[in-house]
file work_27.cif (mmCIF, C-alpha atoms, pLDDT in the B column; chains and numbers go by the auth columns)
data_start
loop_
_atom_site.group_PDB
_atom_site.id
_atom_site.type_symbol
_atom_site.label_atom_id
_atom_site.label_comp_id
_atom_site.label_asym_id
_atom_site.label_seq_id
_atom_site.Cartn_x
_atom_site.Cartn_y
_atom_site.Cartn_z
_atom_site.B_iso_or_equiv
_atom_site.auth_seq_id
_atom_site.auth_asym_id
ATOM 1 C CA MET A 1 52.380 -203.888 -172.763 58.00 1 T
ATOM 2 C CA PRO A 2 49.923 -201.474 -174.340 69.00 2 T
ATOM 3 C CA GLN A 3 46.852 -203.258 -175.634 70.00 3 T
ATOM 4 C CA LEU A 4 43.636 -202.191 -177.327 72.00 4 T
ATOM 5 C CA ASN A 5 40.584 -204.464 -177.166 73.00 5 T
ATOM 6 C CA ALA A 6 37.232 -204.040 -178.847 67.00 6 T
ATOM 7 C CA SER A 7 34.130 -206.162 -179.075 71.00 7 T
ATOM 8 C CA GLN A 8 30.743 -205.540 -180.613 74.00 8 T
ATOM 9 C CA GLN A 9 27.597 -207.539 -180.003 73.00 9 T
ATOM 10 C CA LEU A 10 25.659 -207.880 -183.259 73.00 10 T
ATOM 11 C CA GLY A 11 22.215 -209.046 -182.282 70.00 11 T
ATOM 12 C CA GLU A 12 21.657 -211.620 -179.560 77.00 12 T
ATOM 13 C CA LYS A 13 23.785 -214.359 -181.082 91.00 13 T
ATOM 14 C CA LEU A 14 26.895 -212.855 -182.729 92.00 14 T
ATOM 15 C CA THR A 15 29.837 -211.019 -181.159 93.00 15 T
ATOM 16 C CA VAL A 16 32.808 -209.628 -183.115 93.00 16 T
ATOM 17 C CA ARG A 17 36.117 -209.207 -181.241 94.00 17 T
ATOM 18 C CA ALA A 18 39.445 -207.548 -182.071 95.00 18 T
ATOM 19 C CA ALA A 19 42.635 -206.725 -180.187 96.00 19 T
ATOM 20 C CA VAL A 20 46.004 -205.136 -180.924 96.00 20 T
ATOM 21 C CA GLY A 21 48.930 -205.240 -178.523 96.00 21 T
ATOM 22 C CA ARG A 22 52.592 -204.336 -178.392 96.00 22 T
ATOM 23 C CA ALA A 23 55.241 -205.722 -176.051 95.00 23 T
ATOM 24 C CA ILE A 24 58.874 -205.006 -175.286 96.00 24 T
ATOM 25 C CA ARG A 25 60.874 -207.473 -173.185 95.00 25 T
ATOM 26 C CA ALA A 26 64.372 -206.678 -171.973 96.00 26 T
ATOM 27 C CA ALA A 27 66.809 -209.527 -171.536 95.00 27 T
ATOM 28 C CA ASN A 28 66.692 -210.973 -168.034 94.00 28 T
ATOM 29 C CA PHE A 29 69.659 -211.406 -165.694 94.00 29 T
ATOM 30 C CA THR A 30 70.231 -215.031 -166.730 92.00 30 T
ATOM 31 C CA GLU A 31 70.287 -214.207 -170.450 93.00 31 T
ATOM 32 C CA GLN A 32 72.771 -211.402 -169.803 94.00 32 T
ATOM 33 C CA TYR A 33 75.059 -212.800 -167.117 93.00 33 T
ATOM 34 C CA THR A 34 74.685 -216.570 -166.618 88.00 34 T
ATOM 35 C CA SER A 35 78.124 -218.203 -166.230 87.00 35 T
ATOM 36 C CA ASN A 36 79.826 -214.820 -166.691 84.00 36 T
ATOM 37 C CA MET A 37 80.952 -214.576 -163.054 84.00 37 T
ATOM 38 C CA ARG A 38 81.385 -218.302 -162.460 86.00 38 T
ATOM 39 C CA PRO A 39 84.678 -219.076 -160.723 89.00 39 T
ATOM 40 C CA GLY A 40 87.127 -221.184 -162.716 91.00 40 T
ATOM 41 C CA VAL A 41 86.645 -222.192 -166.334 94.00 41 T
ATOM 42 C CA VAL A 42 83.037 -222.649 -167.448 94.00 42 T
ATOM 43 C CA PRO A 43 82.519 -226.253 -168.608 94.00 43 T
ATOM 44 C CA GLY A 44 81.719 -226.741 -172.278 94.00 44 T
ATOM 45 C CA GLY A 45 78.022 -226.978 -173.180 92.00 45 T
ATOM 46 C CA PHE A 46 76.924 -224.440 -170.534 93.00 46 T
ATOM 47 C CA ASN A 47 74.761 -221.400 -171.313 93.00 47 T
ATOM 48 C CA VAL A 48 76.737 -218.148 -171.355 95.00 48 T
ATOM 49 C CA GLY A 49 75.051 -214.759 -170.981 94.00 49 T
ATOM 50 C CA ASN A 50 75.479 -211.773 -173.243 94.00 50 T
ATOM 51 C CA PRO A 51 75.290 -208.319 -171.600 92.00 51 T
ATOM 52 C CA GLY A 52 74.926 -206.682 -175.034 92.00 52 T
ATOM 53 C CA LEU A 53 71.477 -208.105 -175.822 95.00 53 T
ATOM 54 C CA ALA A 54 68.820 -205.790 -177.266 96.00 54 T
ATOM 55 C CA ALA A 55 65.198 -205.892 -176.091 96.00 55 T
ATOM 56 C CA GLU A 56 62.732 -208.176 -177.866 95.00 56 T
ATOM 57 C CA ARG A 57 59.844 -206.337 -179.544 96.00 57 T
ATOM 58 C CA THR A 58 56.516 -207.808 -180.624 95.00 58 T
ATOM 59 C CA ILE A 59 53.232 -206.643 -182.052 96.00 59 T
ATOM 60 C CA ASN A 60 50.096 -208.774 -181.865 96.00 60 T
ATOM 61 C CA TYR A 61 46.817 -208.659 -183.768 96.00 61 T
ATOM 62 C CA GLU A 62 43.763 -210.836 -183.371 97.00 62 T
ATOM 63 C CA GLY A 63 40.166 -210.879 -184.476 97.00 63 T
ATOM 64 C CA GLY A 64 37.351 -213.281 -183.874 96.00 64 T
ATOM 65 C CA LEU A 65 33.698 -214.158 -183.938 95.00 65 T
ATOM 66 C CA ASP A 66 31.541 -215.757 -181.231 96.00 66 T
ATOM 67 C CA TYR A 67 28.204 -217.278 -182.168 95.00 67 T
ATOM 68 C CA GLN A 68 25.666 -218.615 -179.688 94.00 68 T
ATOM 69 C CA PHE A 69 23.367 -221.160 -181.348 92.00 69 T
ATOM 70 C CA SER A 70 21.348 -221.636 -178.162 92.00 70 T
ATOM 71 C CA PRO A 71 21.808 -220.881 -174.441 89.00 71 T
ATOM 72 C CA GLY A 72 23.776 -224.113 -174.135 92.00 72 T
ATOM 73 C CA LEU A 73 25.776 -224.196 -177.385 95.00 73 T
ATOM 74 C CA SER A 74 28.291 -221.688 -178.695 96.00 74 T
ATOM 75 C CA VAL A 75 31.255 -221.560 -181.057 97.00 75 T
ATOM 76 C CA ARG A 76 34.275 -219.215 -181.124 97.00 76 T
ATOM 77 C CA GLY A 77 36.798 -218.599 -183.865 98.00 77 T
ATOM 78 C CA THR A 78 39.861 -216.376 -183.600 98.00 78 T
ATOM 79 C CA TYR A 79 42.584 -215.474 -186.117 98.00 79 T
ATOM 80 C CA PHE A 80 45.853 -214.242 -184.581 97.00 80 T
ATOM 81 C CA ASN A 81 49.144 -212.864 -185.849 97.00 81 T
ATOM 82 C CA ARG A 82 52.231 -212.078 -183.775 94.00 82 T
ATOM 83 C CA TYR A 83 55.399 -210.560 -185.202 94.00 83 T
ATOM 84 C CA GLY A 84 58.507 -210.397 -183.046 92.00 84 T
ATOM 85 C CA ARG A 85 62.061 -209.273 -183.700 92.00 85 T
ATOM 86 C CA ASN A 86 65.337 -209.499 -181.780 92.00 86 T
ATOM 87 C CA LEU A 87 64.061 -212.651 -180.079 89.00 87 T
ATOM 88 C CA ILE A 88 66.608 -213.937 -177.571 92.00 88 T
ATOM 89 C CA ASP A 89 67.844 -217.513 -177.670 90.00 89 T
ATOM 90 C CA TYR A 90 70.977 -219.566 -177.142 93.00 90 T
ATOM 91 C CA VAL A 91 73.139 -220.730 -180.071 92.00 91 T
ATOM 92 C CA ASN A 92 76.101 -223.091 -180.050 94.00 92 T
ATOM 93 C CA GLN A 93 79.265 -221.027 -180.420 93.00 93 T
ATOM 94 C CA SER A 94 82.927 -221.862 -180.002 96.00 94 T
ATOM 95 C CA GLY A 95 84.582 -220.563 -176.861 96.00 95 T
ATOM 96 C CA SER A 96 86.819 -218.338 -178.969 96.00 96 T
ATOM 97 C CA GLN A 97 83.732 -216.681 -180.549 95.00 97 T
ATOM 98 C CA VAL A 98 82.228 -216.123 -177.075 95.00 98 T
ATOM 99 C CA ILE A 99 85.503 -214.615 -175.831 95.00 99 T
ATOM 100 C CA ASP A 100 85.675 -212.298 -178.876 94.00 100 T
ATOM 101 C CA ALA A 101 82.072 -211.145 -178.293 92.00 101 T
ATOM 102 C CA THR A 102 82.243 -210.701 -174.506 91.00 102 T
ATOM 103 C CA GLY A 103 85.864 -210.495 -173.397 91.00 103 T
ATOM 104 C CA LEU A 104 85.168 -213.137 -170.724 92.00 104 T
ATOM 105 C CA THR A 105 88.257 -214.773 -169.254 92.00 105 T
ATOM 106 C CA ASN A 106 86.586 -217.879 -167.776 94.00 106 T
ATOM 107 C CA ILE A 107 85.720 -219.470 -171.152 95.00 107 T
ATOM 108 C CA ASP A 108 87.751 -222.269 -172.769 95.00 108 T
ATOM 109 C CA PRO A 109 88.380 -221.252 -176.416 96.00 109 T
ATOM 110 C CA ALA A 110 88.457 -224.935 -177.465 96.00 110 T
ATOM 111 C CA LYS A 111 85.003 -225.793 -176.027 96.00 111 T
ATOM 112 C CA THR A 112 81.510 -225.086 -177.372 96.00 112 T
ATOM 113 C CA TYR A 113 78.960 -223.037 -175.397 96.00 113 T
ATOM 114 C CA ARG A 114 75.328 -221.986 -175.807 95.00 114 T
ATOM 115 C CA PHE A 115 75.678 -218.215 -176.135 95.00 115 T
ATOM 116 C CA ALA A 116 72.684 -215.855 -175.706 95.00 116 T
ATOM 117 C CA GLN A 117 72.003 -213.767 -178.812 92.00 117 T
ATOM 118 C CA ASN A 118 69.341 -211.682 -180.537 92.00 118 T
ATOM 119 C CA LEU A 119 68.531 -214.004 -183.386 84.00 119 T
ATOM 120 C CA PHE A 120 65.268 -213.914 -185.151 79.00 120 T
ATOM 121 C CA ALA A 121 62.356 -212.130 -186.529 86.00 121 T
ATOM 122 C CA VAL A 122 59.459 -214.556 -186.101 87.00 122 T
ATOM 123 C CA SER A 123 55.928 -214.370 -187.444 91.00 123 T
ATOM 124 C CA THR A 124 53.331 -216.589 -185.789 92.00 124 T
ATOM 125 C CA GLN A 125 49.911 -216.880 -187.392 96.00 125 T
ATOM 126 C CA GLY A 126 47.081 -219.134 -186.478 97.00 126 T
ATOM 127 C CA LEU A 127 43.456 -219.947 -186.072 98.00 127 T
ATOM 128 C CA GLU A 128 41.884 -221.002 -182.791 98.00 128 T
ATOM 129 C CA THR A 129 38.434 -222.577 -182.605 98.00 129 T
ATOM 130 C CA GLU A 130 36.311 -223.685 -179.670 98.00 130 T
ATOM 131 C CA LEU A 131 32.928 -225.343 -179.294 97.00 131 T
ATOM 132 C CA THR A 132 31.235 -225.090 -175.879 97.00 132 T
ATOM 133 C CA ALA A 133 28.179 -227.025 -174.721 96.00 133 T
ATOM 134 C CA ARG A 134 26.309 -226.736 -171.417 94.00 134 T
ATOM 135 C CA ALA A 135 23.376 -228.834 -170.248 93.00 135 T
ATOM 136 C CA GLN A 136 21.518 -229.238 -166.980 90.00 136 T
ATOM 137 C CA LEU A 137 21.198 -233.030 -166.662 89.00 137 T
ATOM 138 C CA ALA A 138 19.408 -233.152 -163.316 91.00 138 T
ATOM 139 C CA PRO A 139 19.015 -230.900 -160.269 92.00 139 T
ATOM 140 C CA GLY A 140 22.561 -230.241 -159.056 89.00 140 T
ATOM 141 C CA LEU A 141 24.106 -232.095 -162.028 93.00 141 T
ATOM 142 C CA ARG A 142 25.381 -230.023 -164.952 93.00 142 T
ATOM 143 C CA LEU A 143 27.457 -230.995 -167.987 93.00 143 T
ATOM 144 C CA ASP A 144 30.046 -228.521 -169.301 94.00 144 T
ATOM 145 C CA ALA A 145 31.952 -229.632 -172.408 96.00 145 T
ATOM 146 C CA ASN A 146 34.580 -227.810 -174.445 96.00 146 T
ATOM 147 C CA VAL A 147 36.467 -228.944 -177.499 98.00 147 T
ATOM 148 C CA GLY A 148 38.923 -226.802 -179.368 98.00 148 T
ATOM 149 C CA TYR A 149 41.527 -226.851 -182.089 98.00 149 T
ATOM 150 C CA THR A 150 44.391 -224.459 -182.719 97.00 150 T
ATOM 151 C CA PHE A 151 46.395 -224.285 -185.943 97.00 151 T
ATOM 152 C CA VAL A 152 49.717 -222.421 -185.712 95.00 152 T
ATOM 153 C CA HIS A 153 52.132 -221.524 -188.504 94.00 153 T
ATOM 154 C CA LEU A 154 55.587 -220.260 -187.477 85.00 154 T
ATOM 155 C CA ASP A 155 57.796 -218.448 -189.998 84.00 155 T
ATOM 156 C CA THR A 156 61.365 -217.757 -188.856 80.00 156 T
ATOM 157 C CA GLU A 157 63.766 -215.485 -190.715 76.00 157 T
ATOM 158 C CA GLY A 158 67.194 -217.088 -190.785 70.00 158 T
ATOM 159 C CA ASP A 159 68.371 -220.662 -190.559 71.00 159 T
ATOM 160 C CA VAL A 160 70.171 -220.594 -187.202 73.00 160 T
ATOM 161 C CA VAL A 161 69.550 -223.627 -185.000 76.00 161 T
ATOM 162 C CA SER A 162 68.841 -222.352 -181.499 78.00 162 T
ATOM 163 C CA GLN A 163 67.951 -223.871 -178.144 76.00 163 T
ATOM 164 C CA TYR A 164 64.279 -222.802 -177.846 74.00 164 T
ATOM 165 C CA LEU A 165 62.971 -221.116 -181.008 67.00 165 T
ATOM 166 C CA SER A 166 64.113 -223.740 -183.477 57.00 166 T
#

call {"tool": "encode", "arguments": {"input": "work_27.cif", "output": "structure tokens"}}
result
Amino acid sequence: MPQLNASQQLGEKLTVRAAVGRAIRAANFTEQYTSNMRPGVVPGGFNVGNPGLAAERTINYEGGLDYQFSPGLSVRGTYFNRYGRNLIDYVNQSGSQVIDATGLTNIDPAKTYRFAQNLFAVSTQGLETELTARAQLAPGLRLDANVGYTFVHLDTEGDVVSQYLS
């Protein structure tokens, strides 16, 4: 995954960060071939692979600020955005639809299966915050405390109910 990172210290207390990355993920063996070579008829409800899956593609952006109030107290804030398309997931399909798509002969046309497909374009946006405190309480005794909050908004194109992404 190609990635570009940049950070700039502005004075002693403020740092500005930014990153851009791109990723491509090919379907794995399970997503392409699970249950495809299983002897006998695959029981209904099983995952069935799809050898025709396209690669998932994503692009990621993020930017943030770090501010150090004192040597023992700092705060971080980061905005992030990830856009992905062709995301792979399993969708309930009738056996006859799976047979039509794959030509598999070990599928029962009357049963329902979870069939791997390229489904969505998904946009994930969010804001991540973190407050860090450090204090030396006594010789050999130090307090490190972190508290954070992350807000995430997921926007999915399409109304397909899938196994993982929905």

call {"tool": "residues_near_point", "arguments": {"input": "work_27.cif", "point": "(21.2, -225.5, -169.0)", "cutoff": "10 Å", "atoms": "all atoms listed in the file", "output": "JSON, numbers by chain"}}
result
{"T": [70, 71, 72, 73, 133, 134, 135, 136, 137, 138, 142, 143, 144]}

call {"tool": "residues_around", "arguments": {"input": "work_27.cif", "residues": "Asp108 in chain T", "least_positions_apart": "3", "cutoff": "10 Å", "atoms": "all atoms listed in the file", "output": "list in words"}}
result
Val41, Val42, Pro43, Gly44, Ser94, Gly95, Ser96, Val98, Ile99, Leu104, Thr105, Lys111, Thr112 and Tyr113 of chain T

call {"tool": "residues_around", "arguments": {"input": "work_27.cif", "residues": "Asn36 in chain T", "least_positions_apart": "2", "cutoff": "9 Å", "atoms": "all atoms listed in the file", "output": "NGL selection string"}}
result
:T and (32-34 or 38-39 or 42 or 48-50 or 104-107)

call {"tool": "axis_aligned_box", "arguments": {"input": "work_27.cif", "around": "range 30-33 of chain T", "padding_each_side": "5 Å", "output": "lines of an AutoDock Vina configuration file"}}
result
center_x = 72.6
center_y = -213.2
center_z = -168.6
size_x = 14.8
size_y = 13.6
size_z = 13.7

call {"tool": "resolve_selection", "arguments": {"input": "work_27.cif", "expression": "the PyMOL selection byres ((chain T and resi 19) around 12)", "output": "ChimeraX atom specification"}}
result
/T:2-8,16-18,20-22,59-64,78-82
